[in-house]
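Enquirer: Below you will find the structure I want to go over with you.
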Amino acid sequence: MITPMPHGTPSAAAGNTAGVPFWLDQGDLDGLAWPQPAQANLQSLRFLVSDGQTFVHDVVQDTDVQIEPPTDDRATWRITYHDRDGRYRLIEEVWAATQSNAVLVHATLEALTGSVLDYQVYLYAVPALANSPGDDTVTVNVSEAVAMLSDRQPTEGSPTFVALVTDTPWVTGSAGYATFADGLRDLHDFRLDQAFESAGPGGNPTLTVWLAPAGEWMIALGLGADAATARAAAVDGLNEAYQANP
């Protein structure tokens with residue numbers, strides 16, 4: 001088993017005998033140690049939930065979070081985000097693919113008031129490829145529902161690409177820059193209006209994806225030394241997930 005590297009004060013850390021090791025900090029997915037245990041490649045991947053009118057929640061900070069480790073009957077880490085006003089519940093399951101260099105996330109939104117169609121769900125990602133966001137680039141292809149996080153010439157570690165793919169189309173998606181031009185700031189008006197196709201290299205780029213109003217999503221993060229390999233790993237991860245849960 002690979003021992004997780006110290007990373008803040010995680011409430012749960014997952015080191016895996018097979019697959020890409022990852023970390024969970026109050027449900028915030030980070031780490032992704034590849035191709036070596038000492039090389040982390042993701043600062044954050046988390047969900048945002050909004051009603052499109054009155055609130056936007058960063059679920060890691062704005063909900064009550066319950067984390068359950070894998071059990072004999074369940075191989076996934078399960079994170080449940082409870083809206084403190086009782087409007088919705090988001091259930092996230094995270095595990096490493098065994099047949100490819102990918103980490104998989106299955107998320108389900110439950111509407112406790114109204115319908116799932118009353119809520120908007122977003123993914124928000126901040127890369128830190130090869131242990132640093134210094135030269136990272138984010139590119140977005142909304143029509144194919146894929147985003148690529150890349151660092152071609154890191155100051156340390158190996159060139160790394162992380163492909164984010166989903167099993168549903170996107171309403172929209174955008175690259176941006178943390179703290180001043182990203183989805184978190186854009187959503188102050190409860191809509192993801194910007195749709196920039198790329199950000200970086202440098203400047204701490206981010207990714208925001210507005211997921212289709214499906215109520216259930218499968219997300220794969222595939223890693224590789226080039227874009228094609230990373231995307232293939234992500235697609236293989238999705239296929240593995242569906243074979244395990246037909």
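Lettering and numbering for the structure tokens are positional, with chains as A, B, ... in the shown order, residues counted from 1 in each chain, and ligands counted from 1 in the shown order.
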Which residues, written as a PyMOL selection string, have at least one atom at most 8 Å from Trp170 in chain A, with only C-alpha atoms counted and residues fewer than 5 positions away on the same chain left out?
Expert: chain A and resi 142-143+145+209-212
Enquirer: Keeping only N, CA, C and O atoms, write the selected residues to a file as a compact mmCIF listing (two decimals), in the first residue's frame.
Expert:
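So part-v8.txt came out as:
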# COMPACT_ATOMS: atom_id res chain seq x y z
N VAL A 142 -16.41 21.96 -24.56
CA VAL A 142 -17.77 21.76 -24.07
C VAL A 142 -18.53 20.77 -24.94
O VAL A 142 -19.29 19.92 -24.44
N SER A 143 -18.34 20.84 -26.24
CA SER A 143 -19.11 19.99 -27.14
C SER A 143 -18.81 18.51 -26.92
O SER A 143 -19.67 17.65 -27.14
N ALA A 145 -17.60 17.42 -23.89
CA ALA A 145 -17.67 17.21 -22.44
C ALA A 145 -16.36 16.66 -21.90
O ALA A 145 -16.32 15.65 -21.19
N VAL A 209 -17.35 23.51 -14.49
CA VAL A 209 -18.22 22.80 -15.42
C VAL A 209 -19.65 22.82 -14.86
O VAL A 209 -19.87 22.43 -13.71
N TRP A 210 -20.59 23.27 -15.68
CA TRP A 210 -22.00 23.21 -15.33
C TRP A 210 -22.54 21.89 -15.88
O TRP A 210 -22.67 21.71 -17.09
N LEU A 211 -22.83 20.96 -14.98
CA LEU A 211 -23.27 19.63 -15.37
C LEU A 211 -24.73 19.64 -15.84
O LEU A 211 -25.53 20.45 -15.38
N ALA A 212 -25.04 18.71 -16.73
CA ALA A 212 -26.42 18.58 -17.19
C ALA A 212 -27.34 18.27 -16.02
O ALA A 212 -26.93 17.60 -15.06
Enquirer: I'd like a table as CSV: residues in range 83-188 of chain A with an atom no more than 10 Å from range 65-72 of chain A, each row giving the shortest atom pair and its distance in Å to one decimal, only C-alpha atoms counted, sorted by chain and rising residue number.
Expert:
residue,atom,partner,partner_atom,distance
A:Asp83,CA,A:Val65,CA,9.1
A:Leu90,CA,A:Val65,CA,9.7
A:Ile91,CA,A:Gln66,CA,9.5
A:Glu92,CA,A:Ile67,CA,9.5
A:Glu93,CA,A:Glu68,CA,9.4
A:Val94,CA,A:Pro70,CA,9.6
A:Trp95,CA,A:Pro70,CA,9.2
Enquirer: What lies within 8 Å of range 119-135 of chain A using only C-alpha atoms, ignoring chain neighbours under 6 positions off, as a PDB file with N, CA, C and O atoms, in the first residue's frame?
Expert:
ATOM      1  N   GLN A  39       4.632  12.642  -6.474  1.00  0.00           N
ATOM      2  CA  GLN A  39       4.126  13.664  -7.390  1.00  0.00           C
ATOM      3  C   GLN A  39       2.616  13.749  -7.299  1.00  0.00           C
ATOM      4  O   GLN A  39       1.898  12.862  -7.745  1.00  0.00           O
ATOM      5  N   ALA A  40       2.123  14.836  -6.713  1.00  0.00           N
ATOM      6  CA  ALA A  40       0.686  15.101  -6.654  1.00  0.00           C
ATOM      7  C   ALA A  40       0.300  16.014  -7.807  1.00  0.00           C
ATOM      8  O   ALA A  40       1.119  16.818  -8.281  1.00  0.00           O
ATOM      9  N   ASN A  41      -0.979  15.914  -8.265  1.00  0.00           N
ATOM     10  CA  ASN A  41      -1.359  16.611  -9.486  1.00  0.00           C
ATOM     11  C   ASN A  41      -2.690  17.355  -9.416  1.00  0.00           C
ATOM     12  O   ASN A  41      -3.150  17.860 -10.436  1.00  0.00           O
ATOM     13  N   LEU A  42      -3.295  17.411  -8.259  1.00  0.00           N
ATOM     14  CA  LEU A  42      -4.584  18.091  -8.153  1.00  0.00           C
ATOM     15  C   LEU A  42      -4.687  18.783  -6.810  1.00  0.00           C
ATOM     16  O   LEU A  42      -4.450  18.176  -5.769  1.00  0.00           O
ATOM     17  N   GLN A  43      -5.028  20.058  -6.848  1.00  0.00           N
ATOM     18  CA  GLN A  43      -5.217  20.815  -5.610  1.00  0.00           C
ATOM     19  C   GLN A  43      -6.642  20.667  -5.086  1.00  0.00           C
ATOM     20  O   GLN A  43      -6.860  20.603  -3.875  1.00  0.00           O
ATOM     21  N   SER A  44      -7.614  20.579  -6.009  1.00  0.00           N
ATOM     22  CA  SER A  44      -9.001  20.515  -5.544  1.00  0.00           C
ATOM     23  C   SER A  44      -9.921  20.076  -6.670  1.00  0.00           C
ATOM     24  O   SER A  44      -9.771  20.496  -7.823  1.00  0.00           O
ATOM     25  N   LEU A  45     -10.882  19.213  -6.324  1.00  0.00           N
ATOM     26  CA  LEU A  45     -12.049  18.953  -7.174  1.00  0.00           C
ATOM     27  C   LEU A  45     -13.237  18.824  -6.236  1.00  0.00           C
ATOM     28  O   LEU A  45     -13.269  17.932  -5.381  1.00  0.00           O
ATOM     29  N   ARG A  46     -14.209  19.706  -6.400  1.00  0.00           N
ATOM     30  CA  ARG A  46     -15.368  19.683  -5.518  1.00  0.00           C
ATOM     31  C   ARG A  46     -16.600  20.160  -6.272  1.00  0.00           C
ATOM     32  O   ARG A  46     -16.508  20.687  -7.383  1.00  0.00           O
ATOM     33  N   PHE A  47     -17.744  19.965  -5.632  1.00  0.00           N
ATOM     34  CA  PHE A  47     -19.021  20.311  -6.245  1.00  0.00           C
ATOM     35  C   PHE A  47     -19.531  21.646  -5.714  1.00  0.00           C
ATOM     36  O   PHE A  47     -19.317  21.999  -4.550  1.00  0.00           O
ATOM     37  N   LEU A  48     -20.241  22.353  -6.590  1.00  0.00           N
ATOM     38  CA  LEU A  48     -20.993  23.537  -6.220  1.00  0.00           C
ATOM     39  C   LEU A  48     -22.456  23.257  -6.534  1.00  0.00           C
ATOM     40  O   LEU A  48     -22.775  22.637  -7.551  1.00  0.00           O
ATOM     41  N   VAL A  49     -23.345  23.703  -5.658  1.00  0.00           N
ATOM     42  CA  VAL A  49     -24.782  23.519  -5.869  1.00  0.00           C
ATOM     43  C   VAL A  49     -25.467  24.869  -5.708  1.00  0.00           C
ATOM     44  O   VAL A  49     -25.179  25.619  -4.767  1.00  0.00           O
ATOM     45  N   SER A  50     -26.399  25.178  -6.629  1.00  0.00           N
ATOM     46  CA  SER A  50     -27.130  26.442  -6.589  1.00  0.00           C
ATOM     47  C   SER A  50     -28.588  26.199  -6.951  1.00  0.00           C
ATOM     48  O   SER A  50     -28.910  25.231  -7.652  1.00  0.00           O
ATOM     49  N   ASP A  51     -29.449  27.095  -6.482  1.00  0.00           N
ATOM     50  CA  ASP A  51     -30.834  27.070  -6.954  1.00  0.00           C
ATOM     51  C   ASP A  51     -31.038  28.059  -8.097  1.00  0.00           C
ATOM     52  O   ASP A  51     -32.150  28.240  -8.584  1.00  0.00           O
ATOM     53  N   GLY A  52     -29.951  28.712  -8.517  1.00  0.00           N
ATOM     54  CA  GLY A  52     -30.022  29.655  -9.624  1.00  0.00           C
ATOM     55  C   GLY A  52     -30.611  31.001  -9.274  1.00  0.00           C
ATOM     56  O   GLY A  52     -30.722  31.867 -10.142  1.00  0.00           O
ATOM     57  N   LEU A 149      -6.267  19.208 -18.101  1.00  0.00           N
ATOM     58  CA  LEU A 149      -5.354  19.928 -17.224  1.00  0.00           C
ATOM     59  C   LEU A 149      -3.958  19.448 -17.571  1.00  0.00           C
ATOM     60  O   LEU A 149      -3.705  18.238 -17.598  1.00  0.00           O
ATOM     61  N   SER A 150      -3.025  20.364 -17.829  1.00  0.00           N
ATOM     62  CA  SER A 150      -1.734  19.907 -18.331  1.00  0.00           C
ATOM     63  C   SER A 150      -0.585  20.755 -17.823  1.00  0.00           C
ATOM     64  O   SER A 150      -0.737  21.939 -17.536  1.00  0.00           O
ATOM     65  N   ASP A 151       0.554  20.096 -17.696  1.00  0.00           N
ATOM     66  CA  ASP A 151       1.837  20.758 -17.429  1.00  0.00           C
ATOM     67  C   ASP A 151       2.880  20.024 -18.256  1.00  0.00           C
ATOM     68  O   ASP A 151       3.302  18.917 -17.923  1.00  0.00           O
ATOM     69  N   GLN A 153       6.029  21.041 -19.139  1.00  0.00           N
ATOM     70  CA  GLN A 153       7.430  21.191 -18.741  1.00  0.00           C
ATOM     71  C   GLN A 153       7.506  21.615 -17.277  1.00  0.00           C
ATOM     72  O   GLN A 153       7.857  22.753 -16.962  1.00  0.00           O
ATOM     73  N   PRO A 154       7.179  20.706 -16.359  1.00  0.00           N
ATOM     74  CA  PRO A 154       7.197  21.066 -14.930  1.00  0.00           C
ATOM     75  C   PRO A 154       8.613  21.310 -14.434  1.00  0.00           C
ATOM     76  O   PRO A 154       9.589  20.758 -14.963  1.00  0.00           O
ATOM     77  N   THR A 155       8.716  22.156 -13.428  1.00  0.00           N
ATOM     78  CA  THR A 155      10.024  22.414 -12.825  1.00  0.00           C
ATOM     79  C   THR A 155      10.495  21.219 -12.005  1.00  0.00           C
ATOM     80  O   THR A 155      11.686  21.073 -11.749  1.00  0.00           O
ATOM     81  N   GLU A 156       9.566  20.375 -11.577  1.00  0.00           N
ATOM     82  CA  GLU A 156       9.910  19.117 -10.925  1.00  0.00           C
ATOM     83  C   GLU A 156       8.892  18.065 -11.350  1.00  0.00           C
ATOM     84  O   GLU A 156       7.820  18.387 -11.820  1.00  0.00           O
ATOM     85  N   GLY A 157       9.270  16.802 -11.238  1.00  0.00           N
ATOM     86  CA  GLY A 157       8.364  15.744 -11.627  1.00  0.00           C
ATOM     87  C   GLY A 157       8.304  15.574 -13.139  1.00  0.00           C
ATOM     88  O   GLY A 157       9.118  16.110 -13.891  1.00  0.00           O
ATOM     89  N   SER A 158       7.295  14.823 -13.580  1.00  0.00           N
ATOM     90  CA  SER A 158       7.166  14.447 -14.985  1.00  0.00           C
ATOM     91  C   SER A 158       6.059  15.242 -15.661  1.00  0.00           C
ATOM     92  O   SER A 158       5.100  15.654 -15.011  1.00  0.00           O
ATOM     93  N   PRO A 159       6.171  15.459 -16.997  1.00  0.00           N
ATOM     94  CA  PRO A 159       5.050  16.062 -17.720  1.00  0.00           C
ATOM     95  C   PRO A 159       3.778  15.269 -17.454  1.00  0.00           C
ATOM     96  O   PRO A 159       3.766  14.042 -17.529  1.00  0.00           O
ATOM     97  N   THR A 160       2.706  15.967 -17.143  1.00  0.00           N
ATOM     98  CA  THR A 160       1.487  15.296 -16.700  1.00  0.00           C
ATOM     99  C   THR A 160       0.257  15.955 -17.310  1.00  0.00           C
ATOM    100  O   THR A 160       0.168  17.180 -17.378  1.00  0.00           O
ATOM    101  N   PHE A 161      -0.682  15.103 -17.718  1.00  0.00           N
ATOM    102  CA  PHE A 161      -1.962  15.549 -18.237  1.00  0.00           C
ATOM    103  C   PHE A 161      -3.055  14.837 -17.447  1.00  0.00           C
ATOM    104  O   PHE A 161      -2.956  13.643 -17.179  1.00  0.00           O
ATOM    105  N   ALA A 178      -7.912  31.429 -10.494  1.00  0.00           N
ATOM    106  CA  ALA A 178      -8.376  31.422  -9.110  1.00  0.00           C
ATOM    107  C   ALA A 178      -8.403  32.826  -8.539  1.00  0.00           C
ATOM    108  O   ALA A 178      -7.504  33.632  -8.771  1.00  0.00           O
ATOM    109  N   GLY A 183     -14.955  30.457 -12.050  1.00  0.00           N
ATOM    110  CA  GLY A 183     -16.369  30.178 -11.912  1.00  0.00           C
ATOM    111  C   GLY A 183     -16.952  30.604 -10.584  1.00  0.00           C
ATOM    112  O   GLY A 183     -18.122  31.021 -10.521  1.00  0.00           O
ATOM    113  N   GLY A 200      -4.008  29.781 -18.674  1.00  0.00           N
ATOM    114  CA  GLY A 200      -2.648  29.345 -18.460  1.00  0.00           C
ATOM    115  C   GLY A 200      -1.875  29.331 -19.775  1.00  0.00           C
ATOM    116  O   GLY A 200      -2.413  29.693 -20.818  1.00  0.00           O
ATOM    117  N   PRO A 201      -0.611  28.929 -19.741  1.00  0.00           N
ATOM    118  CA  PRO A 201       0.076  28.397 -18.557  1.00  0.00           C
ATOM    119  C   PRO A 201       0.368  29.486 -17.523  1.00  0.00           C
ATOM    120  O   PRO A 201       0.558  30.637 -17.867  1.00  0.00           O
ATOM    121  N   GLY A 202       0.385  29.064 -16.280  1.00  0.00           N
ATOM    122  CA  GLY A 202       0.619  29.966 -15.168  1.00  0.00           C
ATOM    123  C   GLY A 202      -0.643  30.662 -14.717  1.00  0.00           C
ATOM    124  O   GLY A 202      -1.727  30.514 -15.290  1.00  0.00           O
ATOM    125  N   GLY A 203      -0.518  31.411 -13.627  1.00  0.00           N
ATOM    126  CA  GLY A 203      -1.631  32.202 -13.130  1.00  0.00           C
ATOM    127  C   GLY A 203      -2.635  31.450 -12.298  1.00  0.00           C
ATOM    128  O   GLY A 203      -3.718  31.944 -12.031  1.00  0.00           O
ATOM    129  N   ASN A 204      -2.343  30.192 -11.910  1.00  0.00           N
ATOM    130  CA  ASN A 204      -3.247  29.380 -11.090  1.00  0.00           C
ATOM    131  C   ASN A 204      -4.591  29.188 -11.794  1.00  0.00           C
ATOM    132  O   ASN A 204      -5.634  29.633 -11.307  1.00  0.00           O
ATOM    133  N   PRO A 205      -4.599  28.497 -12.951  1.00  0.00           N
ATOM    134  CA  PRO A 205      -5.836  28.312 -13.696  1.00  0.00           C
ATOM    135  C   PRO A 205      -6.819  27.384 -12.989  1.00  0.00           C
ATOM    136  O   PRO A 205      -6.433  26.552 -12.162  1.00  0.00           O
ATOM    137  N   THR A 206      -8.091  27.521 -13.335  1.00  0.00           N
ATOM    138  CA  THR A 206      -9.161  26.713 -12.740  1.00  0.00           C
ATOM    139  C   THR A 206     -10.096  26.232 -13.843  1.00  0.00           C
ATOM    140  O   THR A 206     -10.058  26.703 -14.979  1.00  0.00           O
ATOM    141  N   LEU A 207     -10.970  25.316 -13.456  1.00  0.00           N
ATOM    142  CA  LEU A 207     -11.985  24.788 -14.354  1.00  0.00           C
ATOM    143  C   LEU A 207     -13.324  24.794 -13.631  1.00  0.00           C
ATOM    144  O   LEU A 207     -13.411  24.376 -12.475  1.00  0.00           O
ATOM    145  N   THR A 208     -14.368  25.251 -14.311  1.00  0.00           N
ATOM    146  CA  THR A 208     -15.726  25.161 -13.790  1.00  0.00           C
ATOM    147  C   THR A 208     -16.612  24.542 -14.856  1.00  0.00           C
ATOM    148  O   THR A 208     -16.613  24.990 -16.002  1.00  0.00           O
ATOM    149  N   VAL A 209     -17.350  23.509 -14.491  1.00  0.00           N
ATOM    150  CA  VAL A 209     -18.225  22.796 -15.419  1.00  0.00           C
ATOM    151  C   VAL A 209     -19.647  22.818 -14.860  1.00  0.00           C
ATOM    152  O   VAL A 209     -19.871  22.428 -13.705  1.00  0.00           O
ATOM    153  N   TRP A 210     -20.589  23.270 -15.682  1.00  0.00           N
ATOM    154  CA  TRP A 210     -22.004  23.211 -15.335  1.00  0.00           C
ATOM    155  C   TRP A 210     -22.536  21.895 -15.883  1.00  0.00           C
ATOM    156  O   TRP A 210     -22.673  21.710 -17.086  1.00  0.00           O
ATOM    157  N   LEU A 211     -22.828  20.960 -14.977  1.00  0.00           N
ATOM    158  CA  LEU A 211     -23.269  19.630 -15.374  1.00  0.00           C
ATOM    159  C   LEU A 211     -24.725  19.639 -15.835  1.00  0.00           C
ATOM    160  O   LEU A 211     -25.530  20.453 -15.378  1.00  0.00           O
ATOM    161  N   ALA A 212     -25.045  18.713 -16.726  1.00  0.00           N
ATOM    162  CA  ALA A 212     -26.415  18.583 -17.193  1.00  0.00           C
ATOM    163  C   ALA A 212     -27.342  18.266 -16.022  1.00  0.00           C
ATOM    164  O   ALA A 212     -26.935  17.601 -15.059  1.00  0.00           O
ATOM    165  N   PRO A 213     -28.595  18.744 -16.052  1.00  0.00           N
ATOM    166  CA  PRO A 213     -29.523  18.499 -14.946  1.00  0.00           C
ATOM    167  C   PRO A 213     -30.037  17.066 -14.950  1.00  0.00           C
ATOM    168  O   PRO A 213     -31.227  16.803 -15.127  1.00  0.00           O
TER     169      PRO A 213
END
Enquirer: As a ChimeraX atom specification, list the residues of range 1-244 of chain A assigned to strand (DSSP E) by DSSP on the backbone atoms of this structure.
Expert: /A:12-14,22-25,28-31,42-50,56-58,63-68,77-83,88-96,102-111,120-127,137-141,146-151,160-166,170-177,198-199,205-211,216-224
Enquirer: Here is a test: counting only C-alpha atoms, which residue of A:Tyr88, A:Tyr81, A:Trp34, A:Phe190 is nearest to Thr113 in chain A?
Expert: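 Smallest separation from Thr113 in chain A among the options: A:Tyr88.
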Enquirer: Hey, which bits of range 84-195 of chain A sit within 6 Å of range 217-236 of chain A, and for each residue what's the closest pair of atoms and how far apart in Å (one decimal), counting only C-alpha atoms, rows by chain and increasing number, as a Markdown table?
Expert:
| residue | atom | partner | partner_atom | distance |
| --- | --- | --- | --- | --- |
| A:Ser100 | CA | A:Ala233 | CA | 5.5 |
| A:Asn101 | CA | A:Leu223 | CA | 5.6 |
| A:Ala102 | CA | A:Gly222 | CA | 4.2 |
| A:Val103 | CA | A:Leu221 | CA | 5.2 |
| A:Leu104 | CA | A:Ala220 | CA | 4.6 |
| A:Val105 | CA | A:Ile219 | CA | 5.0 |
| A:His106 | CA | A:Met218 | CA | 4.6 |
| A:Ala107 | CA | A:Trp217 | CA | 5.3 |
| A:Pro159 | CA | A:Ala225 | CA | 5.8 |
| A:Thr160 | CA | A:Ala225 | CA | 5.0 |
| A:Phe161 | CA | A:Gly224 | CA | 5.4 |
| A:Val162 | CA | A:Leu223 | CA | 4.6 |
| A:Ala163 | CA | A:Gly222 | CA | 5.1 |
| A:Leu164 | CA | A:Leu221 | CA | 4.7 |
| A:Val165 | CA | A:Ala220 | CA | 5.4 |
| A:Thr166 | CA | A:Ile219 | CA | 4.5 |
| A:Asp167 | CA | A:Met218 | CA | 5.6 |
Enquirer: Among the residues of range 27-170 of chain A, find those DSSP assigns to helix (DSSP H, G or I) from the backbone and print them as a ChimeraX atom specification.
Expert: /A:59-62,116-118,129-131
Enquirer: Take the residues just selected and output them with N, CA, C and O atoms as a compact mmCIF listing (two decimals), in the first residue's frame.
Expert:
# COMPACT_ATOMS: atom_id res chain seq x y z
N VAL A 59 -19.95 22.90 -1.55
CA VAL A 59 -20.48 21.91 -0.62
C VAL A 59 -19.48 21.52 0.46
O VAL A 59 -19.87 21.12 1.57
N VAL A 60 -18.19 21.64 0.18
CA VAL A 60 -17.19 21.30 1.19
C VAL A 60 -17.28 22.25 2.38
O VAL A 60 -17.07 21.86 3.53
N GLN A 61 -17.62 23.51 2.12
CA GLN A 61 -17.65 24.52 3.17
C GLN A 61 -19.05 24.83 3.68
O GLN A 61 -19.22 25.20 4.85
N ASP A 62 -20.06 24.69 2.82
CA ASP A 62 -21.37 25.23 3.13
C ASP A 62 -22.42 24.19 3.47
O ASP A 62 -23.62 24.52 3.55
N VAL A 116 -35.08 17.78 -8.51
CA VAL A 116 -33.66 17.94 -8.84
C VAL A 116 -33.48 18.99 -9.93
O VAL A 116 -32.40 19.60 -10.04
N LEU A 117 -34.51 19.21 -10.75
CA LEU A 117 -34.42 20.20 -11.80
C LEU A 117 -34.42 21.63 -11.26
O LEU A 117 -34.15 22.58 -12.00
N ASP A 118 -34.71 21.78 -9.96
CA ASP A 118 -34.66 23.10 -9.34
C ASP A 118 -33.25 23.52 -8.95
O ASP A 118 -33.04 24.66 -8.51
N LEU A 129 -0.40 20.39 -11.03
CA LEU A 129 0.30 19.30 -11.69
C LEU A 129 1.79 19.32 -11.34
O LEU A 129 2.40 20.38 -11.23
N ALA A 130 2.33 18.12 -11.13
CA ALA A 130 3.74 17.97 -10.74
C ALA A 130 4.05 18.83 -9.52
O ALA A 130 5.06 19.52 -9.45
N ASN A 131 3.12 18.80 -8.55
CA ASN A 131 3.29 19.43 -7.23
C ASN A 131 3.17 20.96 -7.24
O ASN A 131 3.41 21.58 -6.21
Enquirer: Between CA of Thr179 in chain A and CA of Gln26 in chain A, measure the distance and give it in Å to one decimal.
Expert: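 Straight-line distance from CA of Thr179 in chain A to CA of Gln26 in chain A works out to 20.8 Å.
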Enquirer: One decimal, in Å: what's the spacing between CA of Trp23 in chain A and CA of Gly173 in chain A?
Expert: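 Taking CA of Trp23 in chain A and CA of Gly173 in chain A, their separation equals 24.7 Å.
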Enquirer: Ranking A:Ser174, A:Thr168, A:Thr137, A:Thr76 by minimum distance to Gln194 in chain A and counting only C-alpha atoms, which one comes first?
Expert: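 Looking only at the distances to Gln194 in chain A, the closest residue turns out to be A:Ser174.
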Enquirer: Restricting the calculation to only C-alpha atoms: of A:Val56, A:Ala96, A:Arg87, A:Ala75, which residue gets closest to Pro21 in chain A?
Expert: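 So, comparing all the options, the nearest one is A:Ala96.
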